[in-house]
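Colleague: One structure is given below, represented as structure tokens, and several questions about it will come after.
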Amino acid sequence: MNGAAPASVCACVPAMASEQPPAPVTCTAPVNIAVVKYWGKRDEELILPINSSLSVTLHQDQLKTTTTAAISRDFKEDRIWLNGKEEDVGHPRLQTCLREIRRLARKRRSGRDGDSASLSLSYKVHIASVNNFPTAAGLASSAAGYACLVYTLARLYGVEGELSEVARQGSGSACRSMYGGFVEWLMGERPDGKDSIAQQLVPETHWPELRVLILVVSAEKKSVGSTAGMQTSVETSPLLKFRAESVVPGRMAEMRRCIQEKDFQGFGLLTMKDSNQFHATCLDTFPPICYLNDTSRHIISLVHRFNAHFGKTRVAYTFDAGPNAVIFTLDNTVDDFVAVVKHSFPPVSNGDQFLQGLQVGSAPLSEELKSAMGPELTPGGIRYILVTQAGPGPQLLEDSHVHLLDAEGLPRLSA
């Protein structure tokens, strides 16, 4: 499946009738977590990265964006709502995605029947989008959001083919959320960005034993946004240039091997090292950017204590641009590690609220393991744990009852 777009993206979509717009379309898209990080652009407008990256797409049963889009002759202007609140539809990146999808739709229509565009392509669009996880808190909300926007608009306008290039222009890592499983974003070489696209390395079914635990430390919006942080790093960090040119190419090759061979030891070590180097780059930026907090650093220590106790890498951490930890492990280790986290960071809420997602069994902790983990830390340091696994790419929802827009094109109250 290397380089192939999923059938759901390339499948033929019925053409819009020129007399009336199509029915509203609702789709979902996933979050992805990079294990070889993207940080820094060589072109801000096209969002072209200075290095390739590789990620794991998380399952939408636990983390997803849902988006509904509709066009109508009655709409006076383009409008968008995020989590029930109307946002600025004039945002440059949003406008880029809208413009690109409409351009592709006109191109397809022109090539099919010689008509420059149907009347409905001039209609305004209303878009409603909701996340079932904290927005702008370092949990890749923009990646899921823009992937979902582009996929939904493509279905609405009947656009086929490679969509990761369009999603990339909304949010760089959104291109990776256009596919399920394990995904590469190729940095590309062309100045127009046509070769800076995502491709699936292996599907989500390739490594069914892999589990992902998100330790939510904070749901607050991060103090330094990724876009501003990257730009400052590119301008001031010598380490960033060294990383992109001398470190990442080799790590990409090694990470591909670890995933293809399901080598968790290699995968885990490389994931942690790349996360550490990413945050070292942030500290090498001037002024320095500190996305991790004290709880984040305690989690890092806990992971290394846990692995040292067992004499092998059984869990691995990675942190994106925020304090929340993403832990990779295998299904036979989840119960033990969750027990350790609950011991070290006593939850202030009950168990049902603290553990979310896939079911976790109870595992007794030996006194030896408790001692190895060190003293208990401040209760409530970790708000909750979300347990998930690798999952598929964007999905079309066929049921009209899931639409986030009502018959007038306004957000439903439940949204």
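Scheme for the structure tokens: letters A, B, ... for chains in order shown; per-chain residue numbers from 1; ligand numbers from 1 in order shown.
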Return as CSV the residues of segment 284-403 of chain A lying at most 7 Å from segment 52-62 of chain A, together with the closest atom-to-atom pair for each and the distance in Å to one decimal, counting only C-alpha atoms, with rows in chain order and ascending residue number.
Modeller:
residue,atom,partner,partner_atom,distance
A:Gly357,CA,A:Gln62,CA,5.8
A:Thr388,CA,A:His59,CA,6.3
A:Gln389,CA,A:His59,CA,5.7
A:Ala390,CA,A:Leu58,CA,4.6
A:Gly391,CA,A:His59,CA,3.8
A:Pro392,CA,A:His59,CA,6.5
Colleague: From segment 204-284 of chain A, collect each residue whose DSSP state is helix (DSSP H, G or I) and return the set as a PyMOL selection string.
Modeller: chain A and resi 204-206+226-236+238-260+264-284
Colleague: Work out how far apart atom CA of Gly40 of chain A and atom CA of Glu245 of chain A are and give it in Å to one decimal.
Modeller: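 Computed distance, atom CA of Gly40 of chain A to atom CA of Glu245 of chain A, equals 12.1 Å.
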Colleague: Interatomic distance between atom CA of Glu367 of chain A and atom CA of Phe264 of chain A?
Modeller: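 Rounded to one decimal, the two atoms are 27.1 Å apart.
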Colleague: Quick one: residues within 10 Å of Pro411 of chain A, only C-alpha atoms, excluding same-chain residues fewer than 4 positions away - as a PyMOL selection string?
Modeller: chain A and resi 68+80-86+126-129+403-407+415
Colleague: Keeping only N, CA and C atoms, write the selected residues to a file as a PDB file, in the first residue's frame.
Modeller:
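The resulting file, out.pdb, is shown below:
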ATOM      1  N   THR A  68     -19.157  18.649   9.363  1.00  0.00           N
ATOM      2  CA  THR A  68     -20.246  18.675   8.388  1.00  0.00           C
ATOM      3  C   THR A  68     -20.068  19.899   7.499  1.00  0.00           C
ATOM      4  N   ILE A  80     -17.996  29.245   9.300  1.00  0.00           N
ATOM      5  CA  ILE A  80     -17.476  28.041   9.945  1.00  0.00           C
ATOM      6  C   ILE A  80     -17.643  28.155  11.450  1.00  0.00           C
ATOM      7  N   TRP A  81     -18.006  27.040  12.072  1.00  0.00           N
ATOM      8  CA  TRP A  81     -18.136  26.953  13.527  1.00  0.00           C
ATOM      9  C   TRP A  81     -17.235  25.834  14.033  1.00  0.00           C
ATOM     10  N   LEU A  82     -16.499  26.085  15.099  1.00  0.00           N
ATOM     11  CA  LEU A  82     -15.653  25.079  15.725  1.00  0.00           C
ATOM     12  C   LEU A  82     -16.114  24.885  17.161  1.00  0.00           C
ATOM     13  N   ASN A  83     -16.492  23.654  17.475  1.00  0.00           N
ATOM     14  CA  ASN A  83     -17.003  23.325  18.813  1.00  0.00           C
ATOM     15  C   ASN A  83     -18.131  24.265  19.230  1.00  0.00           C
ATOM     16  N   GLY A  84     -18.999  24.606  18.274  1.00  0.00           N
ATOM     17  CA  GLY A  84     -20.186  25.415  18.540  1.00  0.00           C
ATOM     18  C   GLY A  84     -19.973  26.911  18.486  1.00  0.00           C
ATOM     19  N   LYS A  85     -18.724  27.356  18.365  1.00  0.00           N
ATOM     20  CA  LYS A  85     -18.422  28.793  18.340  1.00  0.00           C
ATOM     21  C   LYS A  85     -18.013  29.199  16.926  1.00  0.00           C
ATOM     22  N   GLU A  86     -18.625  30.282  16.412  1.00  0.00           N
ATOM     23  CA  GLU A  86     -18.270  30.728  15.065  1.00  0.00           C
ATOM     24  C   GLU A  86     -16.852  31.300  15.066  1.00  0.00           C
ATOM     25  N   HIS A 126     -21.238  26.355   4.374  1.00  0.00           N
ATOM     26  CA  HIS A 126     -21.259  26.402   5.831  1.00  0.00           C
ATOM     27  C   HIS A 126     -20.579  25.144   6.349  1.00  0.00           C
ATOM     28  N   ILE A 127     -19.750  25.322   7.371  1.00  0.00           N
ATOM     29  CA  ILE A 127     -18.968  24.210   7.919  1.00  0.00           C
ATOM     30  C   ILE A 127     -19.090  24.221   9.438  1.00  0.00           C
ATOM     31  N   ALA A 128     -19.368  23.069  10.014  1.00  0.00           N
ATOM     32  CA  ALA A 128     -19.366  22.916  11.471  1.00  0.00           C
ATOM     33  C   ALA A 128     -18.435  21.761  11.825  1.00  0.00           C
ATOM     34  N   SER A 129     -17.604  21.972  12.841  1.00  0.00           N
ATOM     35  CA  SER A 129     -16.613  20.969  13.211  1.00  0.00           C
ATOM     36  C   SER A 129     -16.526  20.865  14.727  1.00  0.00           C
ATOM     37  N   HIS A 403     -25.345  14.747  11.114  1.00  0.00           N
ATOM     38  CA  HIS A 403     -24.956  16.068  10.617  1.00  0.00           C
ATOM     39  C   HIS A 403     -24.907  17.089  11.753  1.00  0.00           C
ATOM     40  N   LEU A 404     -23.897  17.938  11.731  1.00  0.00           N
ATOM     41  CA  LEU A 404     -23.738  18.982  12.746  1.00  0.00           C
ATOM     42  C   LEU A 404     -24.462  20.272  12.362  1.00  0.00           C
ATOM     43  N   LEU A 405     -24.962  20.345  11.119  1.00  0.00           N
ATOM     44  CA  LEU A 405     -25.719  21.494  10.648  1.00  0.00           C
ATOM     45  C   LEU A 405     -27.181  21.108  10.471  1.00  0.00           C
ATOM     46  N   ASP A 406     -28.081  22.033  10.808  1.00  0.00           N
ATOM     47  CA  ASP A 406     -29.508  21.758  10.617  1.00  0.00           C
ATOM     48  C   ASP A 406     -29.931  22.115   9.196  1.00  0.00           C
ATOM     49  N   ALA A 407     -31.230  22.062   8.927  1.00  0.00           N
ATOM     50  CA  ALA A 407     -31.748  22.287   7.582  1.00  0.00           C
ATOM     51  C   ALA A 407     -31.463  23.702   7.082  1.00  0.00           C
ATOM     52  N   ALA A 415     -24.430  20.204  19.019  1.00  0.00           N
ATOM     53  CA  ALA A 415     -23.023  20.312  18.607  1.00  0.00           C
ATOM     54  C   ALA A 415     -22.218  21.118  19.609  1.00  0.00           C
TER      55      ALA A 415
END
